[in-house]
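Enquirer: For reference, the file query_27.cif (mmCIF, C-alpha atoms and all ligand atoms) is included below:
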```
data_coords
loop_
_atom_site.label_atom_id
_atom_site.label_comp_id
_atom_site.auth_asym_id
_atom_site.auth_seq_id
_atom_site.Cartn_x
_atom_site.Cartn_y
_atom_site.Cartn_z
CA LYS A 163 23.65 -8.12 1.83
CA THR A 164 21.78 -11.27 2.76
CA ARG A 165 18.11 -10.59 3.45
CA VAL A 166 17.06 -12.22 6.73
CA PHE A 167 13.43 -12.63 7.72
CA SER A 168 11.92 -14.34 10.74
CA GLY A 169 9.04 -13.98 13.16
CA MET A 170 7.35 -15.16 16.32
CA GLN A 171 3.73 -15.54 17.29
CA PRO A 172 2.25 -13.39 20.07
CA SER A 173 0.52 -16.55 21.30
CA GLY A 174 1.79 -16.32 24.87
CA GLU A 175 4.95 -15.31 26.66
CA LEU A 176 8.28 -15.88 24.98
CA HIS A 177 10.27 -18.67 26.60
CA LEU A 178 13.87 -19.72 26.77
CA GLY A 179 13.44 -21.99 23.73
CA ASN A 180 12.40 -19.03 21.58
CA TYR A 181 15.41 -17.14 22.91
CA VAL A 182 18.17 -19.71 22.44
CA GLY A 183 16.62 -21.23 19.31
CA ALA A 184 16.07 -17.98 17.45
CA LEU A 185 16.08 -14.56 19.09
CA GLN A 186 19.61 -14.80 20.50
CA HIS A 187 20.94 -15.47 16.99
CA TRP A 188 18.95 -12.66 15.38
CA VAL A 189 20.65 -10.31 17.82
CA ALA A 190 24.12 -11.78 17.45
CA ARG A 191 24.10 -11.46 13.65
CA GLN A 192 22.21 -8.23 13.21
CA ASP A 193 25.19 -6.46 11.62
CA GLU A 194 25.86 -9.13 9.02
CA SER A 195 22.59 -8.93 7.15
CA ASP A 196 19.63 -6.87 6.10
CA ASN A 197 17.05 -7.90 8.71
CA ILE A 198 13.28 -8.01 8.90
CA PHE A 199 11.65 -9.34 12.06
CA CYS A 200 7.92 -9.74 12.23
CA ILE A 201 5.40 -10.23 15.01
CA VAL A 202 3.10 -12.73 13.35
CA ASP A 203 -0.22 -11.99 15.02
CA LEU A 204 -2.34 -13.56 12.28
CA HIS A 205 -0.64 -16.86 13.07
CA ALA A 206 -1.71 -16.59 16.70
CA LEU A 207 -5.35 -16.85 15.54
CA THR A 208 -4.80 -20.47 14.53
CA ILE A 209 -5.75 -21.52 18.07
CA PRO A 210 -8.77 -19.17 18.38
CA GLU A 211 -9.86 -20.69 21.71
CA GLN A 212 -6.79 -19.12 23.33
CA ILE A 213 -7.45 -15.66 21.91
CA ASP A 214 -8.74 -12.62 23.74
CA ALA A 215 -8.78 -9.51 21.54
CA ARG A 216 -7.32 -7.12 24.10
CA ALA A 217 -4.65 -9.66 25.08
CA LEU A 218 -3.63 -10.39 21.49
CA HIS A 219 -3.25 -6.69 20.78
CA ASP A 220 -1.15 -6.23 23.94
CA ASN A 221 0.88 -9.38 23.40
CA ALA A 222 1.93 -8.18 19.96
CA ARG A 223 3.37 -4.99 21.55
CA LYS A 224 4.97 -6.95 24.38
CA LEU A 225 6.59 -9.27 21.88
CA ALA A 226 7.98 -6.27 19.99
CA ALA A 227 9.33 -4.91 23.28
CA LEU A 228 11.00 -8.28 23.95
CA TYR A 229 12.67 -8.17 20.52
CA LEU A 230 14.12 -4.78 21.43
CA ALA A 231 14.97 -5.79 25.00
CA SER A 232 16.88 -8.78 23.69
CA GLY A 233 19.11 -6.39 21.80
CA LEU A 234 17.58 -5.90 18.34
CA ASP A 235 18.33 -2.33 17.37
CA PRO A 236 15.33 -0.72 15.61
CA GLU A 237 17.72 1.35 13.50
CA ARG A 238 19.39 -1.74 12.07
CA ASN A 239 16.36 -4.05 11.91
CA LEU A 240 12.97 -3.62 10.38
CA ILE A 241 10.45 -4.64 13.04
CA PHE A 242 6.72 -4.74 12.36
CA ILE A 243 3.40 -6.45 13.10
CA GLN A 244 2.23 -8.84 10.38
CA SER A 245 -1.41 -7.70 10.31
CA HIS A 246 -0.29 -4.10 9.62
CA VAL A 247 0.80 -5.23 6.15
CA ARG A 248 -2.25 -6.57 4.29
CA GLU A 249 -0.13 -8.17 1.59
CA HIS A 250 0.56 -11.13 3.92
CA SER A 251 -3.08 -12.19 3.86
CA GLU A 252 -3.43 -11.53 0.15
CA LEU A 253 -0.41 -13.59 -0.84
CA ALA A 254 -1.36 -16.34 1.62
CA TRP A 255 -4.64 -16.86 -0.24
CA ILE A 256 -2.88 -17.16 -3.57
CA LEU A 257 -0.27 -19.54 -2.17
CA ASN A 258 -2.99 -21.65 -0.58
CA CYS A 259 -4.46 -22.10 -4.02
CA ALA A 260 -1.08 -23.33 -5.28
CA THR A 261 -0.50 -25.73 -2.37
CA PRO A 262 -1.61 -29.37 -2.59
CA LEU A 263 -3.67 -30.35 0.45
CA GLY A 264 -1.50 -33.39 1.12
CA TRP A 265 1.57 -31.22 1.68
CA LEU A 266 -0.17 -29.40 4.53
CA GLN A 267 -1.64 -32.54 6.06
CA ARG A 268 1.86 -34.02 6.29
CA MET A 269 3.27 -31.22 8.47
CA THR A 270 4.25 -32.61 11.86
CA GLN A 271 3.37 -29.38 13.67
CA PHE A 272 -0.16 -29.58 12.30
CA LYS A 273 -0.48 -33.17 13.42
CA SER A 274 0.80 -32.51 16.93
CA LYS A 275 -1.15 -29.28 17.48
CA ALA A 276 -4.33 -30.80 16.08
CA GLN A 277 -3.99 -33.48 18.78
CA GLN A 278 -3.26 -31.02 21.58
CA PHE A 279 -6.35 -28.90 21.16
CA GLU A 280 -10.00 -29.88 21.22
CA SER A 281 -11.01 -28.54 17.84
CA THR A 282 -8.93 -27.86 14.77
CA GLY A 283 -9.56 -24.75 12.70
CA THR A 284 -8.76 -24.70 8.99
CA GLY A 285 -6.26 -21.96 9.80
CA LEU A 286 -4.09 -24.42 11.70
CA LEU A 287 -3.85 -26.56 8.57
CA ILE A 288 -3.15 -23.75 6.12
CA TYR A 289 -0.87 -21.77 8.46
CA PRO A 290 2.32 -22.84 6.63
CA ALA A 291 1.08 -21.13 3.46
CA LEU A 292 0.70 -17.88 5.42
CA GLN A 293 4.20 -18.45 6.76
CA ALA A 294 5.42 -18.98 3.20
CA ALA A 295 3.79 -15.68 2.25
CA ASP A 296 5.54 -13.91 5.15
CA ILE A 297 8.91 -15.13 3.97
CA LEU A 298 8.46 -14.86 0.19
CA LEU A 299 7.10 -11.31 0.28
CA TYR A 300 10.50 -9.98 1.35
CA ASP A 301 12.80 -11.69 -1.15
CA THR A 302 14.25 -13.54 1.83
CA ASP A 303 17.55 -15.41 1.58
CA ALA A 304 17.77 -16.83 5.09
CA VAL A 305 15.25 -17.67 7.80
CA PRO A 306 16.81 -18.11 11.26
CA VAL A 307 14.50 -20.43 13.24
CA GLY A 308 14.44 -23.33 15.67
CA GLU A 309 14.52 -26.95 14.53
CA ASP A 310 10.72 -27.29 14.66
CA GLN A 311 10.39 -24.86 11.75
CA ARG A 312 12.75 -26.67 9.38
CA GLN A 313 9.88 -28.54 7.74
CA HIS A 314 7.90 -25.34 7.21
CA ILE A 315 10.81 -23.58 5.51
CA GLU A 316 11.27 -26.60 3.22
CA LEU A 317 7.57 -26.35 2.44
CA THR A 318 7.95 -22.64 1.70
CA ARG A 319 10.53 -23.53 -0.95
CA ASP A 320 8.29 -26.24 -2.37
CA ILE A 321 5.33 -23.87 -2.56
CA ALA A 322 7.47 -21.23 -4.30
CA ILE A 323 8.76 -23.78 -6.80
CA ARG A 324 5.25 -24.99 -7.54
CA PHE A 325 4.02 -21.42 -7.93
CA HIS A 326 6.85 -20.78 -10.38
CA ARG A 327 5.84 -23.81 -12.41
CA LEU A 328 2.24 -22.66 -12.51
CA PHE A 329 2.71 -18.92 -13.04
CA GLY A 330 6.37 -18.15 -13.75
CA GLU A 331 9.35 -17.02 -11.65
CA VAL A 332 8.50 -14.46 -8.98
CA PHE A 333 10.13 -15.43 -5.69
CA LYS A 334 13.55 -15.89 -4.21
CA LEU A 335 14.04 -19.34 -2.63
CA PRO A 336 14.93 -19.04 1.08
CA VAL A 337 16.94 -21.41 3.27
CA ALA A 338 16.46 -22.20 6.96
CA VAL A 339 19.31 -21.29 9.30
CA ILE A 340 19.16 -23.45 12.43
CA PRO A 341 21.63 -23.21 15.33
CA GLU A 342 23.81 -26.17 16.30
CA VAL A 343 23.01 -25.79 19.98
CA GLY A 344 19.62 -24.99 21.50
CA ALA A 345 17.59 -25.48 18.32
CA ARG A 346 15.10 -27.66 20.14
CA VAL A 347 14.67 -26.87 23.82
CA MET A 348 12.40 -29.39 25.49
CA GLY A 349 9.76 -28.85 28.18
CA LEU A 350 11.22 -28.89 31.70
CA ASP A 351 8.21 -30.91 32.87
CA ASP A 352 8.46 -33.35 29.96
CA PRO A 353 11.70 -33.66 27.98
CA GLU A 354 9.90 -35.54 25.19
CA THR A 355 7.86 -32.44 24.27
CA LYS A 356 9.19 -29.24 22.67
CA MET A 357 8.98 -26.23 24.97
CA SER A 358 6.03 -24.25 23.56
CA LYS A 359 4.31 -20.98 24.30
CA SER A 360 0.89 -22.46 23.75
CA LEU A 361 1.56 -25.37 26.13
CA ALA A 362 3.06 -23.11 28.79
CA VAL A 363 -0.29 -21.32 29.10
CA THR A 364 -1.81 -24.30 30.91
CA ARG A 365 1.29 -26.06 32.28
CA PRO A 366 3.26 -24.35 35.05
CA GLY A 367 6.80 -25.73 35.18
CA HIS A 368 6.77 -26.47 31.43
CA ALA A 369 8.72 -23.42 30.29
CA ILE A 370 10.89 -20.61 31.58
CA ASN A 371 9.41 -17.40 30.29
CA LEU A 372 11.69 -14.48 29.54
CA LEU A 373 9.77 -12.36 32.03
CA ASP A 374 9.72 -14.87 34.90
CA ASP A 375 11.16 -13.73 38.23
CA GLU A 376 14.16 -15.41 39.80
CA LYS A 377 12.09 -17.47 42.21
CA THR A 378 9.88 -18.89 39.48
CA ILE A 379 12.93 -19.69 37.36
CA ARG A 380 14.65 -21.45 40.25
CA LYS A 381 11.54 -23.48 41.01
CA ALA A 382 11.07 -24.54 37.37
CA ILE A 383 14.72 -25.55 36.90
CA MET A 384 15.14 -27.26 40.27
CA SER A 385 12.04 -29.37 39.63
CA ALA A 386 12.91 -30.12 35.98
CA VAL A 387 12.54 -33.79 35.11
CA THR A 388 15.90 -35.64 35.12
CA ASP A 389 16.64 -39.22 36.20
CA SER A 390 18.14 -41.00 39.18
CA GLY A 391 21.73 -41.17 37.82
CA ARG A 392 24.67 -38.75 37.71
CA GLU A 393 25.45 -38.74 33.97
CA THR A 394 26.37 -35.29 32.64
CA ARG A 395 28.07 -36.22 29.38
CA PHE A 396 25.91 -35.12 26.45
CA ALA A 397 26.11 -38.41 24.59
CA HIS A 398 25.05 -40.52 27.58
CA ALA A 399 22.69 -38.19 29.44
CA SER A 400 18.94 -38.81 29.61
CA PRO A 401 16.74 -36.42 27.59
CA GLY A 402 15.93 -34.21 30.60
CA VAL A 403 19.58 -33.81 31.60
CA ARG A 404 20.70 -33.27 28.01
CA ASN A 405 18.10 -30.54 27.74
CA LEU A 406 19.53 -28.71 30.77
CA LEU A 407 23.07 -29.12 29.45
CA SER A 408 22.08 -27.75 26.06
CA ILE A 409 20.37 -24.70 27.54
CA TYR A 410 23.47 -24.08 29.64
CA GLN A 411 25.71 -24.47 26.60
CA ALA A 412 23.57 -22.22 24.41
CA LEU A 413 23.54 -19.41 26.98
CA THR A 414 27.23 -19.59 27.94
CA ARG A 415 28.36 -20.37 24.36
CA GLU A 416 31.00 -22.68 25.80
CA PRO A 417 32.09 -25.72 23.79
CA MET A 418 30.49 -29.02 24.76
CA SER A 419 33.75 -30.33 26.26
CA ALA A 420 34.03 -27.34 28.60
CA VAL A 421 30.45 -27.80 29.80
CA GLU A 422 31.08 -31.50 30.41
CA ALA A 423 34.29 -30.71 32.32
CA THR A 424 32.45 -28.22 34.54
CA PHE A 425 29.87 -30.77 35.63
CA ALA A 426 31.93 -33.98 35.54
CA GLY A 427 31.35 -36.08 38.63
CA GLN A 428 28.82 -33.63 40.07
CA GLY A 429 25.17 -34.40 40.74
CA TYR A 430 22.30 -32.84 38.83
CA GLY A 431 21.80 -30.40 41.71
CA ALA A 432 25.01 -28.60 40.76
CA LEU A 433 24.01 -28.41 37.11
CA LYS A 434 20.60 -27.05 38.00
CA LYS A 435 22.01 -24.43 40.37
CA ALA A 436 24.52 -23.27 37.77
CA LEU A 437 21.79 -23.12 35.17
CA VAL A 438 19.57 -20.98 37.40
CA GLU A 439 22.44 -18.51 37.68
CA VAL A 440 23.21 -18.40 33.98
CA VAL A 441 19.56 -17.99 33.06
CA TRP A 442 19.03 -15.23 35.58
CA GLU A 443 22.20 -13.41 34.47
CA THR A 444 20.77 -13.39 30.95
CA LEU A 445 17.21 -12.47 31.85
CA ARG A 446 17.72 -9.88 34.58
CA PRO A 447 19.19 -7.17 32.28
CA LEU A 448 16.79 -8.17 29.51
CA GLN A 449 13.85 -7.63 31.85
CA ALA A 450 15.18 -4.25 32.97
CA ARG A 451 15.36 -3.12 29.34
CA TYR A 452 11.91 -4.56 28.67
CA HIS A 453 10.33 -2.48 31.43
CA GLU A 454 12.04 0.67 30.16
CA ILE A 455 10.77 0.03 26.65
CA MET A 456 7.23 -0.68 27.85
CA ALA A 457 7.26 2.56 29.84
CA ASP A 458 7.59 4.44 26.53
CA ARG A 459 4.63 3.04 24.64
CA ALA A 460 4.60 5.92 22.16
CA GLY A 461 8.22 5.19 21.27
CA LEU A 462 7.40 1.53 20.75
CA GLU A 463 4.37 2.34 18.56
CA ALA A 464 6.59 4.65 16.50
CA VAL A 465 9.05 1.82 15.84
CA LEU A 466 6.18 -0.43 14.72
CA THR A 467 4.55 2.23 12.56
CA ARG A 468 7.81 3.00 10.79
CA GLY A 469 8.52 -0.72 10.45
CA ALA A 470 5.13 -1.36 8.85
CA GLU A 471 5.62 1.48 6.38
CA ARG A 472 8.96 0.16 5.19
CA ALA A 473 7.69 -3.43 5.13
CA ARG A 474 4.69 -2.38 3.03
CA GLU A 475 6.98 -0.86 0.40
CA ILE A 476 8.81 -4.15 -0.09
CA ALA A 477 5.73 -6.34 0.21
CA SER A 478 3.64 -4.31 -2.23
CA ALA A 479 6.35 -4.53 -4.90
CA THR A 480 6.44 -8.33 -4.56
CA MET A 481 2.65 -8.48 -4.55
CA GLN A 482 2.56 -6.53 -7.80
CA ARG A 483 4.77 -9.19 -9.41
CA VAL A 484 2.39 -11.86 -8.08
CA ARG A 485 -0.66 -10.04 -9.46
CA ASP A 486 0.99 -9.68 -12.84
CA ALA A 487 1.94 -13.36 -12.87
CA THR A 488 -1.52 -14.64 -11.86
CA GLY A 489 -3.74 -12.11 -13.61
CA VAL A 490 -5.55 -10.91 -10.46
CA GLY A 491 -5.78 -7.21 -9.68
P1 LIG B 501 3.50 -21.93 19.81
O1 LIG B 501 3.34 -23.01 20.83
O2 LIG B 501 2.43 -20.88 19.90
O3 LIG B 501 3.70 -22.47 18.42
P2 LIG B 501 6.32 -21.58 20.03
O4 LIG B 501 6.94 -21.62 21.37
O5 LIG B 501 6.46 -22.77 19.15
O6 LIG B 501 4.82 -21.15 20.23
P3 LIG B 501 6.72 -19.81 17.79
O7 LIG B 501 6.25 -18.40 17.82
O8 LIG B 501 5.91 -20.80 17.04
O9 LIG B 501 6.91 -20.29 19.30
O10 LIG B 501 8.20 -19.85 17.24
C1 LIG B 501 9.07 -18.74 17.32
C2 LIG B 501 10.49 -19.18 17.07
O11 LIG B 501 11.00 -19.91 18.19
C3 LIG B 501 10.66 -20.11 15.86
O12 LIG B 501 11.88 -19.78 15.24
C4 LIG B 501 10.76 -21.49 16.48
O13 LIG B 501 11.47 -22.39 15.68
C5 LIG B 501 11.51 -21.16 17.76
N1 LIG B 501 11.22 -22.13 18.81
C6 LIG B 501 9.99 -22.42 19.31
N2 LIG B 501 10.07 -23.32 20.28
C7 LIG B 501 11.39 -23.64 20.40
C8 LIG B 501 12.11 -24.53 21.24
N3 LIG B 501 11.48 -25.26 22.14
N4 LIG B 501 13.46 -24.60 21.09
C9 LIG B 501 14.10 -23.83 20.17
N5 LIG B 501 13.47 -22.98 19.35
C10 LIG B 501 12.14 -22.87 19.45
MG MG B 502 5.49 -22.84 17.31
#
```
Would you give me this structure, written as structure tokens?

Expert:
Amino acid sequence: KTRVFSGMQPSGELHLGNYVGALQHWVARQDESDNIFCIVDLHALTIPEQIDARALHDNARKLAALYLASGLDPERNLIFIQSHVREHSELAWILNCATPLGWLQRMTQFKSKAQQFESTGTGLLIYPALQAADILLYDTDAVPVGEDQRQHIELTRDIAIRFHRLFGEVFKLPVAVIPEVGARVMGLDDPETKMSKSLAVTRPGHAINLLDDEKTIRKAIMSAVTDSGRETRFAHASPGVRNLLSIYQALTREPMSAVEATFAGQGYGALKKALVEVVWETLRPLQARYHEIMADRAGLEAVLTRGAERAREIASATMQRVRDATGVG
């Protein structure tokens, strides 16, 4: 079976972009592959100014609960918290040593995040090497992610290839799997900027969070930036309208032509109202499951403990190969 690995940062609340860009597809294909889904809490430390220890600890559990509430079955998917498996940090160091600085400085996410925040920690620069470690530790074939991560998965391959040249073959080379629709959901307040957890923290109306109530969702969608026209064909729509159409399409899984037919000749008000309904239909049952899962914290911890144990078995075997190849240990 294909080994699938992916993860999300507990850096804030999950939003609709995370859902339609990644999580929805993890759930839809969980029977086809051998799946490992990680809560990458070490990555959340890359913006240390936004970290509160208690909150990070809680957010990691909440994120795990959202994985389950979205439909990931803990029996069929290995779910764990990154920092519970020390091999991630160990391999990240070794991969950092094999990664040319220029490769990291070229990453567009680094450049944009370094601009967004007042100070830039070294962790933000070297984060893709930790991400490479996450993926390579599990002999991953496929990494289902949103469009923004394409460059990092390419880099993961490049780092693995360079490591192989330096030390010999150890890793499997993974490929990114990116959905055709919804791979890059834009901010509702600014359709030129990717919807992001870390931006949503300070910008109300930027994102729809998976745990938002109906009123908040309606407000965010109804006040989403559009334009003064009536164009609802994908190819001609302005970025804000195209964003709403894409979210609608990703959630309903209708073909583009059907979505266009639904909204042909109607104003943006109709599109927005329909989108509020579709979003709420998706999120209402998800939220109900989330609250049930969070009410059984011991059950959730048990899933994560078991996940970490199984993850450690795989990761430690890979790490042994790395130690043998490099001479450390
Ligand atoms: P942060 O701002 O902290 O980086 P984020 O919203 O980018 O948060 P991540 O945890 O970095 O979320 O990414 C989790 C997954 O969600 C990745 O697969 C990423 O590609 C995907 N993703 C993130 N934002 C979007 C988006 N706007 N549209 C589609 N997919 C997205
Ligand atoms: Mg991100």

Enquirer: From the list A:Glu443, A:Glu175, A:Asp235, A:Asp375, which residue is nearest ligand LIG 501 (chain B) when using all atoms listed in the file?

Expert: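 Between A:Glu443, A:Glu175, A:Asp235, A:Asp375, the residue approaching ligand LIG 501 (chain B) most closely is A:Glu175.
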
Enquirer: So that I can see what lies close to Ser358 (chain A), please list as a list in words the residues with an atom at most 8 Å from it, counting only C-alpha atoms and leaving out residues fewer than 4 positions away in the same chain.

Expert: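 Near neighbours after the sequence-gap exclusion: His177, Gly179, Gly349, Ala362 and Ala369 of chain A.
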
Enquirer: Quick one: distance from CA of Gln186 (chain A) to CA of Ser408 (chain A) in Å, one decimal?

Expert: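 Calculated distance between CA of Gln186 (chain A) and CA of Ser408 (chain A) is 14.3 Å.
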
Enquirer: When you look at Phe167 (chain A) with a cut-off of 7 Å (counting all atoms listed in the file), what residues show up, excluding the ones that are within fewer than 6 positions of it in the same chain? I need them as an MDAnalysis selection string.

Expert: chainID A and resid 197:199 297 302 304:305

Enquirer: Using all atoms listed in the file, which protein or nucleic acid residues are at most 8 Å from ligand LIG 501 (chain B), as a ChimeraX atom specification?

Expert: /A:168-174,176-185,202,206,306-312,344-349,356-362

Enquirer: Could the residues in this selection be saved with C-alpha atoms as an mmCIF file, keeping the file's coordinate frame?

Expert:
```
data_model
loop_
_atom_site.group_PDB
_atom_site.id
_atom_site.type_symbol
_atom_site.label_atom_id
_atom_site.label_comp_id
_atom_site.auth_asym_id
_atom_site.auth_seq_id
_atom_site.Cartn_x
_atom_site.Cartn_y
_atom_site.Cartn_z
ATOM 1 C CA SER A 168 11.920 -14.340 10.740
ATOM 2 C CA GLY A 169 9.040 -13.980 13.160
ATOM 3 C CA MET A 170 7.350 -15.160 16.320
ATOM 4 C CA GLN A 171 3.730 -15.540 17.290
ATOM 5 C CA PRO A 172 2.250 -13.390 20.070
ATOM 6 C CA SER A 173 0.520 -16.550 21.300
ATOM 7 C CA GLY A 174 1.790 -16.320 24.870
ATOM 8 C CA LEU A 176 8.280 -15.880 24.980
ATOM 9 C CA HIS A 177 10.270 -18.670 26.600
ATOM 10 C CA LEU A 178 13.870 -19.720 26.770
ATOM 11 C CA GLY A 179 13.440 -21.990 23.730
ATOM 12 C CA ASN A 180 12.400 -19.030 21.580
ATOM 13 C CA TYR A 181 15.410 -17.140 22.910
ATOM 14 C CA VAL A 182 18.170 -19.710 22.440
ATOM 15 C CA GLY A 183 16.620 -21.230 19.310
ATOM 16 C CA ALA A 184 16.070 -17.980 17.450
ATOM 17 C CA LEU A 185 16.080 -14.560 19.090
ATOM 18 C CA VAL A 202 3.100 -12.730 13.350
ATOM 19 C CA ALA A 206 -1.710 -16.590 16.700
ATOM 20 C CA PRO A 306 16.810 -18.110 11.260
ATOM 21 C CA VAL A 307 14.500 -20.430 13.240
ATOM 22 C CA GLY A 308 14.440 -23.330 15.670
ATOM 23 C CA GLU A 309 14.520 -26.950 14.530
ATOM 24 C CA ASP A 310 10.720 -27.290 14.660
ATOM 25 C CA GLN A 311 10.390 -24.860 11.750
ATOM 26 C CA ARG A 312 12.750 -26.670 9.380
ATOM 27 C CA GLY A 344 19.620 -24.990 21.500
ATOM 28 C CA ALA A 345 17.590 -25.480 18.320
ATOM 29 C CA ARG A 346 15.100 -27.660 20.140
ATOM 30 C CA VAL A 347 14.670 -26.870 23.820
ATOM 31 C CA MET A 348 12.400 -29.390 25.490
ATOM 32 C CA GLY A 349 9.760 -28.850 28.180
ATOM 33 C CA LYS A 356 9.190 -29.240 22.670
ATOM 34 C CA MET A 357 8.980 -26.230 24.970
ATOM 35 C CA SER A 358 6.030 -24.250 23.560
ATOM 36 C CA LYS A 359 4.310 -20.980 24.300
ATOM 37 C CA SER A 360 0.890 -22.460 23.750
ATOM 38 C CA LEU A 361 1.560 -25.370 26.130
ATOM 39 C CA ALA A 362 3.060 -23.110 28.790
#
```

Enquirer: Extract, using all atoms listed in the file, all DNA, RNA and protein residues at most 12 Å from Ser390 (chain A), discarding same-chain residues fewer than 4 positions from it, and format them as number ranges by chain.

Expert: A: 394, 399-400, 402-403, 429-431

Enquirer: Considering only C-alpha atoms, can you say which of A:Asp320, A:Ala426, A:Lys434, A:Thr488 comes closest to Lys381 (chain A)?

Expert: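 Looking at the shortest contact to Lys381 (chain A), the residue is A:Lys434.
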
Enquirer: Counting only C-alpha atoms, what is within 12 Å of region 333-338 of chain A, bar same-chain residues fewer than 3 positions away, as an MDAnalysis selection string?

Expert: chainID A and resid 164:168 184 253 257 294:327 329:330 341 345 477 479:484 487

Enquirer: Keeping C-alpha atoms for every residue in the selection just given, could you write it to a file as a PDB file, keeping the file's coordinate frame?

Expert:
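Output file out_11.pdb is given in full below:
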```pdb
ATOM      1  CA  THR A 164      21.780 -11.270   2.760  1.00  0.00           C
ATOM      2  CA  ARG A 165      18.110 -10.590   3.450  1.00  0.00           C
ATOM      3  CA  VAL A 166      17.060 -12.220   6.730  1.00  0.00           C
ATOM      4  CA  PHE A 167      13.430 -12.630   7.720  1.00  0.00           C
ATOM      5  CA  SER A 168      11.920 -14.340  10.740  1.00  0.00           C
ATOM      6  CA  ALA A 184      16.070 -17.980  17.450  1.00  0.00           C
ATOM      7  CA  LEU A 253      -0.410 -13.590  -0.840  1.00  0.00           C
ATOM      8  CA  LEU A 257      -0.270 -19.540  -2.170  1.00  0.00           C
ATOM      9  CA  ALA A 294       5.420 -18.980   3.200  1.00  0.00           C
ATOM     10  CA  ALA A 295       3.790 -15.680   2.250  1.00  0.00           C
ATOM     11  CA  ASP A 296       5.540 -13.910   5.150  1.00  0.00           C
ATOM     12  CA  ILE A 297       8.910 -15.130   3.970  1.00  0.00           C
ATOM     13  CA  LEU A 298       8.460 -14.860   0.190  1.00  0.00           C
ATOM     14  CA  LEU A 299       7.100 -11.310   0.280  1.00  0.00           C
ATOM     15  CA  TYR A 300      10.500  -9.980   1.350  1.00  0.00           C
ATOM     16  CA  ASP A 301      12.800 -11.690  -1.150  1.00  0.00           C
ATOM     17  CA  THR A 302      14.250 -13.540   1.830  1.00  0.00           C
ATOM     18  CA  ASP A 303      17.550 -15.410   1.580  1.00  0.00           C
ATOM     19  CA  ALA A 304      17.770 -16.830   5.090  1.00  0.00           C
ATOM     20  CA  VAL A 305      15.250 -17.670   7.800  1.00  0.00           C
ATOM     21  CA  PRO A 306      16.810 -18.110  11.260  1.00  0.00           C
ATOM     22  CA  VAL A 307      14.500 -20.430  13.240  1.00  0.00           C
ATOM     23  CA  GLY A 308      14.440 -23.330  15.670  1.00  0.00           C
ATOM     24  CA  GLU A 309      14.520 -26.950  14.530  1.00  0.00           C
ATOM     25  CA  ASP A 310      10.720 -27.290  14.660  1.00  0.00           C
ATOM     26  CA  GLN A 311      10.390 -24.860  11.750  1.00  0.00           C
ATOM     27  CA  ARG A 312      12.750 -26.670   9.380  1.00  0.00           C
ATOM     28  CA  GLN A 313       9.880 -28.540   7.740  1.00  0.00           C
ATOM     29  CA  HIS A 314       7.900 -25.340   7.210  1.00  0.00           C
ATOM     30  CA  ILE A 315      10.810 -23.580   5.510  1.00  0.00           C
ATOM     31  CA  GLU A 316      11.270 -26.600   3.220  1.00  0.00           C
ATOM     32  CA  LEU A 317       7.570 -26.350   2.440  1.00  0.00           C
ATOM     33  CA  THR A 318       7.950 -22.640   1.700  1.00  0.00           C
ATOM     34  CA  ARG A 319      10.530 -23.530  -0.950  1.00  0.00           C
ATOM     35  CA  ASP A 320       8.290 -26.240  -2.370  1.00  0.00           C
ATOM     36  CA  ILE A 321       5.330 -23.870  -2.560  1.00  0.00           C
ATOM     37  CA  ALA A 322       7.470 -21.230  -4.300  1.00  0.00           C
ATOM     38  CA  ILE A 323       8.760 -23.780  -6.800  1.00  0.00           C
ATOM     39  CA  ARG A 324       5.250 -24.990  -7.540  1.00  0.00           C
ATOM     40  CA  PHE A 325       4.020 -21.420  -7.930  1.00  0.00           C
ATOM     41  CA  HIS A 326       6.850 -20.780 -10.380  1.00  0.00           C
ATOM     42  CA  ARG A 327       5.840 -23.810 -12.410  1.00  0.00           C
ATOM     43  CA  PHE A 329       2.710 -18.920 -13.040  1.00  0.00           C
ATOM     44  CA  GLY A 330       6.370 -18.150 -13.750  1.00  0.00           C
ATOM     45  CA  PRO A 341      21.630 -23.210  15.330  1.00  0.00           C
ATOM     46  CA  ALA A 345      17.590 -25.480  18.320  1.00  0.00           C
ATOM     47  CA  ALA A 477       5.730  -6.340   0.210  1.00  0.00           C
ATOM     48  CA  ALA A 479       6.350  -4.530  -4.900  1.00  0.00           C
ATOM     49  CA  THR A 480       6.440  -8.330  -4.560  1.00  0.00           C
ATOM     50  CA  MET A 481       2.650  -8.480  -4.550  1.00  0.00           C
ATOM     51  CA  GLN A 482       2.560  -6.530  -7.800  1.00  0.00           C
ATOM     52  CA  ARG A 483       4.770  -9.190  -9.410  1.00  0.00           C
ATOM     53  CA  VAL A 484       2.390 -11.860  -8.080  1.00  0.00           C
ATOM     54  CA  ALA A 487       1.940 -13.360 -12.870  1.00  0.00           C
TER      55      ALA A 487
END
```

Enquirer: When you look at His246 (chain A) with a cut-off of 12 Å (counting only C-alpha atoms), what residues show up, excluding the ones that are within fewer than 2 positions of it in the same chain? I need them as an MDAnalysis selection string.

Expert: chainID A and resid 200:204 219 222 241:244 248:251 463 466:474 477

Enquirer: Calculated over only C-alpha atoms, which of the candidates A:Leu287, A:Ser478, A:His368, A:Asn239 has the smallest distance to Ala226 (chain A)?

Expert: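 Among A:Leu287, A:Ser478, A:His368, A:Asn239, it is A:Asn239 that comes nearest to Ala226 (chain A).
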
Enquirer: Grab the CA of Gly283 (chain A) to CA of Lys224 (chain A) distance for me, in Å with one decimal place.

Expert: 25.8 Å

Enquirer: Of the residues A:Ile209, A:Ala436, A:Val465, A:Ala412, which is the one nearest to ligand MG 502 (chain B), using only C-alpha atoms and all ligand atoms?

Expert: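 Closest candidate: A:Ile209.
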